[in-house]
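Shown next: upload-v2.pdb, containing PDB, N, CA and C atoms.
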```pdb
ATOM      1  N   MET Y   1       0.839  -1.174   0.000
ATOM      2  CA  MET Y   1       0.000   0.000   0.000
ATOM      3  C   MET Y   1       0.887   1.240   0.000
ATOM      4  N   LYS Y   2       0.444   2.279  -0.673
ATOM      5  CA  LYS Y   2       1.228   3.499  -0.762
ATOM      6  C   LYS Y   2       1.264   4.225   0.573
ATOM      7  N   PRO Y   3       2.415   4.841   0.910
ATOM      8  CA  PRO Y   3       2.517   5.575   2.177
ATOM      9  C   PRO Y   3       1.460   6.660   2.331
ATOM     10  N   ALA Y   4       1.104   7.332   1.242
ATOM     11  CA  ALA Y   4       0.094   8.398   1.337
ATOM     12  C   ALA Y   4      -1.255   7.844   1.780
ATOM     13  N   LEU Y   5      -1.572   6.620   1.359
ATOM     14  CA  LEU Y   5      -2.824   6.004   1.773
ATOM     15  C   LEU Y   5      -2.810   5.717   3.268
ATOM     16  N   TRP Y   6      -1.690   5.244   3.778
ATOM     17  CA  TRP Y   6      -1.567   4.984   5.220
ATOM     18  C   TRP Y   6      -1.696   6.281   6.020
ATOM     19  N   VAL Y   7      -1.111   7.352   5.510
ATOM     20  CA  VAL Y   7      -1.238   8.643   6.184
ATOM     21  C   VAL Y   7      -2.706   9.072   6.211
ATOM     22  N   GLY Y   8      -3.412   8.901   5.109
ATOM     23  CA  GLY Y   8      -4.830   9.245   5.046
ATOM     24  C   GLY Y   8      -5.659   8.446   6.028
ATOM     25  N   ILE Y   9      -5.383   7.164   6.110
ATOM     26  CA  ILE Y   9      -6.103   6.313   7.065
ATOM     27  C   ILE Y   9      -5.810   6.772   8.487
ATOM     28  N   GLY Y  10      -4.564   7.093   8.769
ATOM     29  CA  GLY Y  10      -4.200   7.580  10.102
ATOM     30  C   GLY Y  10      -4.891   8.882  10.448
ATOM     31  N   LEU Y  11      -5.000   9.790   9.472
ATOM     32  CA  LEU Y  11      -5.677  11.062   9.717
ATOM     33  C   LEU Y  11      -7.167  10.858   9.976
ATOM     34  N   LEU Y  12      -7.782   9.915   9.285
ATOM     35  CA  LEU Y  12      -9.192   9.628   9.537
ATOM     36  C   LEU Y  12      -9.412   9.155  10.965
ATOM     37  N   ALA Y  13      -8.467   8.405  11.493
ATOM     38  CA  ALA Y  13      -8.593   7.922  12.862
ATOM     39  C   ALA Y  13      -8.548   9.060  13.872
ATOM     40  N   LEU Y  14      -7.963  10.188  13.504
ATOM     41  CA  LEU Y  14      -7.856  11.321  14.421
ATOM     42  C   LEU Y  14      -9.081  12.225  14.407
ATOM     43  N   LEU Y  15      -9.978  12.038  13.452
ATOM     44  CA  LEU Y  15     -11.162  12.885  13.386
ATOM     45  C   LEU Y  15     -12.042  12.648  14.603
ATOM     46  N   PRO Y  16     -12.748  13.684  15.074
ATOM     47  CA  PRO Y  16     -13.642  13.498  16.211
ATOM     48  C   PRO Y  16     -14.746  12.517  15.876
ATOM     49  N   GLY Y  17     -15.186  11.803  16.881
ATOM     50  CA  GLY Y  17     -16.230  10.814  16.684
ATOM     51  C   GLY Y  17     -17.543  11.444  16.262
ATOM     52  N   THR Y  18     -18.338  10.683  15.560
ATOM     53  CA  THR Y  18     -19.625  11.169  15.094
ATOM     54  C   THR Y  18     -20.711  10.910  16.117
ATOM     55  N   GLY Y  19     -20.379  10.205  17.200
ATOM     56  CA  GLY Y  19     -21.392   9.886  18.181
ATOM     57  C   GLY Y  19     -22.057   8.561  17.889
ATOM     58  N   SER Y  20     -21.563   7.822  16.916
ATOM     59  CA  SER Y  20     -22.199   6.563  16.568
ATOM     60  C   SER Y  20     -22.078   5.564  17.707
ATOM     61  N   ALA Y  21     -22.978   4.615  17.686
ATOM     62  CA  ALA Y  21     -23.000   3.582  18.708
ATOM     63  C   ALA Y  21     -22.452   2.301  18.104
ATOM     64  N   ALA Y  22     -21.166   2.294  17.769
ATOM     65  CA  ALA Y  22     -20.557   1.176  17.063
ATOM     66  C   ALA Y  22     -19.962   0.139  18.008
ATOM     67  N   GLY Y  23     -20.171   0.287  19.300
ATOM     68  CA  GLY Y  23     -19.594  -0.644  20.259
ATOM     69  C   GLY Y  23     -20.372  -1.942  20.354
ATOM     70  N   ASP Y  24     -20.004  -2.747  21.332
ATOM     71  CA  ASP Y  24     -20.627  -4.041  21.594
ATOM     72  C   ASP Y  24     -21.717  -3.854  22.652
ATOM     73  N   PRO Y  25     -22.990  -3.857  22.267
ATOM     74  CA  PRO Y  25     -24.042  -3.599  23.237
ATOM     75  C   PRO Y  25     -24.153  -4.668  24.326
ATOM     76  N   ASP Y  26     -23.782  -5.904  24.018
ATOM     77  CA  ASP Y  26     -23.831  -6.942  25.049
ATOM     78  C   ASP Y  26     -22.804  -6.676  26.140
ATOM     79  N   ARG Y  27     -21.614  -6.253  25.745
ATOM     80  CA  ARG Y  27     -20.596  -5.886  26.736
ATOM     81  C   ARG Y  27     -21.032  -4.621  27.475
ATOM     82  N   GLY Y  28     -21.659  -3.691  26.753
ATOM     83  CA  GLY Y  28     -22.163  -2.474  27.376
ATOM     84  C   GLY Y  28     -23.180  -2.753  28.455
ATOM     85  N   GLU Y  29     -24.018  -3.747  28.231
ATOM     86  CA  GLU Y  29     -25.009  -4.122  29.250
ATOM     87  C   GLU Y  29     -24.316  -4.582  30.535
ATOM     88  N   ARG Y  30     -23.258  -5.352  30.388
ATOM     89  CA  ARG Y  30     -22.511  -5.801  31.573
ATOM     90  C   ARG Y  30     -21.816  -4.623  32.254
ATOM     91  N   LEU Y  31     -21.244  -3.715  31.468
ATOM     92  CA  LEU Y  31     -20.575  -2.546  32.029
ATOM     93  C   LEU Y  31     -21.551  -1.622  32.746
ATOM     94  N   HIS Y  32     -22.791  -1.612  32.300
ATOM     95  CA  HIS Y  32     -23.795  -0.712  32.861
ATOM     96  C   HIS Y  32     -23.997  -0.936  34.358
ATOM     97  N   ARG Y  33     -23.626  -2.061  34.857
ATOM     98  CA  ARG Y  33     -23.777  -2.331  36.305
ATOM     99  C   ARG Y  33     -23.076  -1.275  37.149
ATOM    100  N   ILE Y  34     -21.964  -0.728  36.644
ATOM    101  CA  ILE Y  34     -21.278   0.308  37.428
ATOM    102  C   ILE Y  34     -22.100   1.589  37.458
ATOM    103  N   CYS Y  35     -22.881   1.851  36.407
ATOM    104  CA  CYS Y  35     -23.736   3.040  36.384
ATOM    105  C   CYS Y  35     -24.847   2.907  37.430
ATOM    106  N   LEU Y  36     -25.303   1.686  37.620
ATOM    107  CA  LEU Y  36     -26.397   1.446  38.562
ATOM    108  C   LEU Y  36     -25.983   1.655  40.013
ATOM    109  N   GLN Y  37     -24.699   1.832  40.270
ATOM    110  CA  GLN Y  37     -24.248   2.143  41.626
ATOM    111  C   GLN Y  37     -24.694   3.537  42.038
ATOM    112  N   CYS Y  38     -24.926   4.426  41.062
ATOM    113  CA  CYS Y  38     -25.316   5.814  41.361
ATOM    114  C   CYS Y  38     -26.759   6.132  40.984
ATOM    115  N   HIS Y  39     -27.308   5.480  39.979
ATOM    116  CA  HIS Y  39     -28.671   5.785  39.537
ATOM    117  C   HIS Y  39     -29.271   4.584  38.839
ATOM    118  N   GLY Y  40     -30.586   4.600  38.738
ATOM    119  CA  GLY Y  40     -31.304   3.566  38.016
ATOM    120  C   GLY Y  40     -31.522   3.970  36.575
ATOM    121  N   THR Y  41     -32.353   3.226  35.884
ATOM    122  CA  THR Y  41     -32.602   3.490  34.471
ATOM    123  C   THR Y  41     -33.670   4.562  34.254
ATOM    124  N   GLU Y  42     -34.209   5.113  35.327
ATOM    125  CA  GLU Y  42     -35.239   6.149  35.178
ATOM    126  C   GLU Y  42     -34.725   7.391  34.455
ATOM    127  N   LEU Y  43     -33.410   7.601  34.437
ATOM    128  CA  LEU Y  43     -32.843   8.760  33.743
ATOM    129  C   LEU Y  43     -32.933   8.649  32.228
ATOM    130  N   TYR Y  44     -33.177   7.452  31.733
ATOM    131  CA  TYR Y  44     -33.142   7.216  30.298
ATOM    132  C   TYR Y  44     -34.507   7.345  29.623
ATOM    133  N   VAL Y  45     -35.551   7.520  30.406
ATOM    134  CA  VAL Y  45     -36.897   7.560  29.834
ATOM    135  C   VAL Y  45     -37.607   8.849  30.249
ATOM    136  N   PRO Y  46     -38.551   9.311  29.440
ATOM    137  CA  PRO Y  46     -39.301  10.506  29.816
ATOM    138  C   PRO Y  46     -40.040  10.251  31.134
ATOM    139  N   PRO Y  47     -40.254  11.238  31.962
ATOM    140  CA  PRO Y  47     -39.985  12.650  31.751
ATOM    141  C   PRO Y  47     -38.586  13.087  32.194
ATOM    142  N   ARG Y  48     -37.775  12.192  32.745
ATOM    143  CA  ARG Y  48     -36.456  12.596  33.248
ATOM    144  C   ARG Y  48     -35.383  12.627  32.173
ATOM    145  N   ARG Y  49     -35.641  12.070  31.033
ATOM    146  CA  ARG Y  49     -34.644  12.011  29.957
ATOM    147  C   ARG Y  49     -34.268  13.418  29.507
ATOM    148  N   ARG Y  50     -32.976  13.672  29.453
ATOM    149  CA  ARG Y  50     -32.486  14.959  28.955
ATOM    150  C   ARG Y  50     -31.650  14.798  27.695
ATOM    151  N   VAL Y  51     -31.182  13.603  27.433
ATOM    152  CA  VAL Y  51     -30.357  13.333  26.258
ATOM    153  C   VAL Y  51     -31.273  13.239  25.039
ATOM    154  N   THR Y  52     -30.953  14.003  23.993
ATOM    155  CA  THR Y  52     -31.827  14.045  22.820
ATOM    156  C   THR Y  52     -31.131  13.655  21.514
ATOM    157  N   THR Y  53     -29.817  13.401  21.564
ATOM    158  CA  THR Y  53     -29.098  12.978  20.360
ATOM    159  C   THR Y  53     -28.057  11.927  20.750
ATOM    160  N   LEU Y  54     -27.615  11.183  19.759
ATOM    161  CA  LEU Y  54     -26.574  10.188  19.987
ATOM    162  C   LEU Y  54     -25.278  10.857  20.418
ATOM    163  N   ARG Y  55     -24.987  12.000  19.842
ATOM    164  CA  ARG Y  55     -23.769  12.736  20.207
ATOM    165  C   ARG Y  55     -23.814  13.151  21.686
ATOM    166  N   THR Y  56     -24.968  13.624  22.142
ATOM    167  CA  THR Y  56     -25.116  14.014  23.546
ATOM    168  C   THR Y  56     -25.017  12.798  24.457
ATOM    169  N   LEU Y  57     -25.573  11.680  24.038
ATOM    170  CA  LEU Y  57     -25.468  10.457  24.826
ATOM    171  C   LEU Y  57     -24.004  10.081  25.026
ATOM    172  N   ARG Y  58     -23.233  10.107  23.945
ATOM    173  CA  ARG Y  58     -21.801   9.784  24.034
ATOM    174  C   ARG Y  58     -21.094  10.757  24.978
ATOM    175  N   ARG Y  59     -21.392  12.039  24.844
ATOM    176  CA  ARG Y  59     -20.744  13.049  25.686
ATOM    177  C   ARG Y  59     -21.057  12.817  27.166
ATOM    178  N   GLU Y  60     -22.294  12.458  27.474
ATOM    179  CA  GLU Y  60     -22.672  12.207  28.869
ATOM    180  C   GLU Y  60     -21.991  10.955  29.410
ATOM    181  N   VAL Y  61     -21.927   9.899  28.615
ATOM    182  CA  VAL Y  61     -21.246   8.677  29.061
ATOM    183  C   VAL Y  61     -19.764   8.971  29.291
ATOM    184  N   GLU Y  62     -19.147   9.732  28.393
ATOM    185  CA  GLU Y  62     -17.735  10.094  28.575
ATOM    186  C   GLU Y  62     -17.554  10.935  29.837
ATOM    187  N   ARG Y  63     -18.444  11.882  30.050
ATOM    188  CA  ARG Y  63     -18.327  12.776  31.217
ATOM    189  C   ARG Y  63     -18.404  11.987  32.518
ATOM    190  N   TYR Y  64     -19.404  11.143  32.634
ATOM    191  CA  TYR Y  64     -19.534  10.390  33.878
ATOM    192  C   TYR Y  64     -18.523   9.256  33.958
ATOM    193  N   GLY Y  65     -18.018   8.799  32.819
ATOM    194  CA  GLY Y  65     -16.977   7.778  32.824
ATOM    195  C   GLY Y  65     -15.686   8.262  33.452
ATOM    196  N   ASP Y  66     -15.492   9.572  33.469
ATOM    197  CA  ASP Y  66     -14.297  10.141  34.096
ATOM    198  C   ASP Y  66     -14.333  10.034  35.616
ATOM    199  N   TYR Y  67     -15.502   9.764  36.187
ATOM    200  CA  TYR Y  67     -15.626   9.673  37.649
ATOM    201  C   TYR Y  67     -15.064   8.365  38.194
ATOM    202  N   TYR Y  68     -14.943   7.372  37.343
ATOM    203  CA  TYR Y  68     -14.508   6.058  37.805
ATOM    204  C   TYR Y  68     -12.994   5.972  37.859
ATOM    205  N   ASN Y  69     -12.519   5.095  38.702
ATOM    206  CA  ASN Y  69     -11.086   4.876  38.827
ATOM    207  C   ASN Y  69     -10.845   3.383  38.660
ATOM    208  N   PRO Y  70     -10.321   2.961  37.544
ATOM    209  CA  PRO Y  70      -9.836   3.770  36.429
ATOM    210  C   PRO Y  70     -11.005   4.291  35.604
ATOM    211  N   LYS Y  71     -10.716   5.347  34.841
ATOM    212  CA  LYS Y  71     -11.722   5.934  33.959
ATOM    213  C   LYS Y  71     -12.171   4.907  32.930
ATOM    214  N   LEU Y  72     -13.363   5.108  32.402
ATOM    215  CA  LEU Y  72     -13.827   4.233  31.332
ATOM    216  C   LEU Y  72     -12.948   4.429  30.101
ATOM    217  N   SER Y  73     -12.605   3.337  29.458
ATOM    218  CA  SER Y  73     -11.812   3.416  28.232
ATOM    219  C   SER Y  73     -12.721   3.833  27.073
ATOM    220  N   LYS Y  74     -12.117   4.169  25.946
ATOM    221  CA  LYS Y  74     -12.904   4.505  24.755
ATOM    222  C   LYS Y  74     -13.793   3.329  24.364
ATOM    223  N   GLN Y  75     -13.260   2.113  24.474
ATOM    224  CA  GLN Y  75     -14.058   0.931  24.147
ATOM    225  C   GLN Y  75     -15.227   0.781  25.109
ATOM    226  N   ASP Y  76     -14.991   1.039  26.401
ATOM    227  CA  ASP Y  76     -16.079   0.991  27.382
ATOM    228  C   ASP Y  76     -17.185   1.977  27.012
ATOM    229  N   VAL Y  77     -16.787   3.190  26.648
ATOM    230  CA  VAL Y  77     -17.759   4.222  26.262
ATOM    231  C   VAL Y  77     -18.530   3.768  25.026
ATOM    232  N   ASP Y  78     -17.822   3.266  24.024
ATOM    233  CA  ASP Y  78     -18.487   2.781  22.808
ATOM    234  C   ASP Y  78     -19.510   1.707  23.144
ATOM    235  N   ASP Y  79     -19.130   0.777  24.006
ATOM    236  CA  ASP Y  79     -20.015  -0.335  24.355
ATOM    237  C   ASP Y  79     -21.228   0.138  25.151
ATOM    238  N   LEU Y  80     -21.009   1.036  26.105
ATOM    239  CA  LEU Y  80     -22.136   1.569  26.888
ATOM    240  C   LEU Y  80     -23.094   2.365  26.019
ATOM    241  N   VAL Y  81     -22.561   3.197  25.139
ATOM    242  CA  VAL Y  81     -23.408   3.983  24.238
ATOM    243  C   VAL Y  81     -24.215   3.044  23.346
ATOM    244  N   ALA Y  82     -23.587   2.000  22.837
ATOM    245  CA  ALA Y  82     -24.291   1.047  21.971
ATOM    246  C   ALA Y  82     -25.440   0.384  22.723
ATOM    247  N   TRP Y  83     -25.203  -0.024  23.963
ATOM    248  CA  TRP Y  83     -26.262  -0.681  24.738
ATOM    249  C   TRP Y  83     -27.373   0.299  25.105
ATOM    250  N   LEU Y  84     -27.001   1.473  25.597
ATOM    251  CA  LEU Y  84     -28.014   2.458  25.980
ATOM    252  C   LEU Y  84     -28.868   2.858  24.781
ATOM    253  N   ASN Y  85     -28.232   3.034  23.635
ATOM    254  CA  ASN Y  85     -28.989   3.419  22.452
ATOM    255  C   ASN Y  85     -29.905   2.287  21.998
ATOM    256  N   ARG Y  86     -29.410   1.082  21.994
ATOM    257  CA  ARG Y  86     -30.229  -0.061  21.567
ATOM    258  C   ARG Y  86     -31.409  -0.273  22.512
ATOM    259  N   THR Y  87     -31.174  -0.099  23.802
ATOM    260  CA  THR Y  87     -32.169  -0.455  24.797
ATOM    261  C   THR Y  87     -33.156   0.669  25.097
ATOM    262  N   PHE Y  88     -32.677   1.910  25.145
ATOM    263  CA  PHE Y  88     -33.529   3.008  25.582
ATOM    264  C   PHE Y  88     -33.750   4.092  24.537
ATOM    265  N   TYR Y  89     -32.686   4.602  23.939
ATOM    266  CA  TYR Y  89     -32.781   5.820  23.145
ATOM    267  C   TYR Y  89     -33.225   5.587  21.696
ATOM    268  N   LYS Y  90     -32.651   4.602  21.060
ATOM    269  CA  LYS Y  90     -32.991   4.248  19.674
ATOM    270  C   LYS Y  90     -32.782   5.404  18.695
ATOM    271  N   PHE Y  91     -31.681   6.141  18.874
ATOM    272  CA  PHE Y  91     -31.326   7.196  17.936
ATOM    273  C   PHE Y  91     -30.833   6.561  16.641
ATOM    274  N   PRO Y  92     -31.095   7.205  15.496
ATOM    275  CA  PRO Y  92     -30.549   6.672  14.240
ATOM    276  C   PRO Y  92     -29.022   6.739  14.261
ATOM    277  N   GLN Y  93     -28.418   5.798  13.569
ATOM    278  CA  GLN Y  93     -26.950   5.745  13.519
ATOM    279  C   GLN Y  93     -26.427   6.799  12.630
TER     280      GLN Y  93
END
```
Will you turn the file into structure tokens for me?
Amino acid sequence: MKPALWVGIGLLALLPGTGSAAGDPDRGERLHRICLQCHGTELYVPPRRRVTTLRTLRREVERYGDYYNPKLSKQDVDDLVAWLNRTFYKFPQ
């Protein structure tokens, strides 16, 4: 493969995420147990739901993922977003 193509692929990896839920939702369901230490699932459904887009969902999972020690990894965030979206939010990809 040409070096310029590898550089292009590398640059694409650096672009900010689109908020997609491309993770493993089954793993996300297992990871969600740590979220239940602070709150139940009532936050994900009306009238308490405040998240209105997939991008906002990702941002909220990342924000609260910083509270854990160790912090949630990017893969953890992807998996949690995938599960939450599949189970509660159902935002288009």
Take the PyMOL selection byres (((chain Y and resi 61 and name CA) around 10) and name CA), run it mentally on this structure, and tell me the resulting residues as number ranges by chain. Y: 35, 56-60, 62-66, 72, 76-78, 80-81, 84
For segment 37-44 of chain Y, please output as a PDB file with N, CA and C atoms, in the frame of the given file all residues within 8 Å (counting all atoms listed in the file; exclusion window: fewer than 5 positions along the same chain).
```pdb
ATOM      1  N   HIS Y  32     -22.791  -1.612  32.300  1.00  0.00           N
ATOM      2  CA  HIS Y  32     -23.795  -0.712  32.861  1.00  0.00           C
ATOM      3  C   HIS Y  32     -23.997  -0.936  34.358  1.00  0.00           C
ATOM      4  N   ARG Y  49     -35.641  12.070  31.033  1.00  0.00           N
ATOM      5  CA  ARG Y  49     -34.644  12.011  29.957  1.00  0.00           C
ATOM      6  C   ARG Y  49     -34.268  13.418  29.507  1.00  0.00           C
ATOM      7  N   ARG Y  50     -32.976  13.672  29.453  1.00  0.00           N
ATOM      8  CA  ARG Y  50     -32.486  14.959  28.955  1.00  0.00           C
ATOM      9  C   ARG Y  50     -31.650  14.798  27.695  1.00  0.00           C
ATOM     10  N   VAL Y  51     -31.182  13.603  27.433  1.00  0.00           N
ATOM     11  CA  VAL Y  51     -30.357  13.333  26.258  1.00  0.00           C
ATOM     12  C   VAL Y  51     -31.273  13.239  25.039  1.00  0.00           C
ATOM     13  N   PHE Y  88     -32.677   1.910  25.145  1.00  0.00           N
ATOM     14  CA  PHE Y  88     -33.529   3.008  25.582  1.00  0.00           C
ATOM     15  C   PHE Y  88     -33.750   4.092  24.537  1.00  0.00           C
ATOM     16  N   TYR Y  89     -32.686   4.602  23.939  1.00  0.00           N
ATOM     17  CA  TYR Y  89     -32.781   5.820  23.145  1.00  0.00           C
ATOM     18  C   TYR Y  89     -33.225   5.587  21.696  1.00  0.00           C
TER      19      TYR Y  89
END
```
Notebook entry, point to check: For the atom pair atom CA of Thr87 of chain Y and atom CA of Arg30 of chain Y, what is the interatomic distance in Å to one decimal place?
Noted result: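 A separation of 13.0 Å between them.
The spacing separating atom C of Asp79 of chain Y from atom CA of Thr52 of chain Y amounts to 17.6 Å.
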Between atom CA of Pro46 of chain Y and atom CA of Pro92 of chain Y, what is the distance, to one decimal in Å?
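Pair atom CA of Pro46 of chain Y / atom CA of Pro92 of chain Y returns 18.3 Å.
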Find the residues around Asp24 of chain Y up to 6 Å (only N, CA and C atoms counted), leave out those fewer than 2 positions away in its own chain, and share them as number ranges by chain.
Y: 22, 26-28, 78-79, 82-83
Check your understanding: Between Y:Leu54, Y:Glu29, Y:Pro70, Y:Pro47, which has the minimum distance to Phe91 of chain Y (counting only N, CA and C atoms)?
Key ->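 Of Y:Leu54, Y:Glu29, Y:Pro70, Y:Pro47, the one nearest Phe91 of chain Y is Y:Leu54, counting only N, CA and C atoms.
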What are the centre and edge lengths in Å, to one decimal, of the axis-aligned box around all listed atoms of segment 50-56 of chain Y with 5 Å added on each side, as AutoDock Vina command-line options?
```
--center_x -28.4 --center_y 12.6 --center_z 24.6 --size_x 19.2 --size_y 14.8 --size_z 19.7
```
Q. Restricting the calculation to all atoms listed in the file, which member of Y:Tyr68, Y:Gln75, Y:Leu36, Y:Val45 is positioned closest to Gly23 of chain Y?
A.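 For Gly23 of chain Y, the nearest of the given residues is Y:Gln75.
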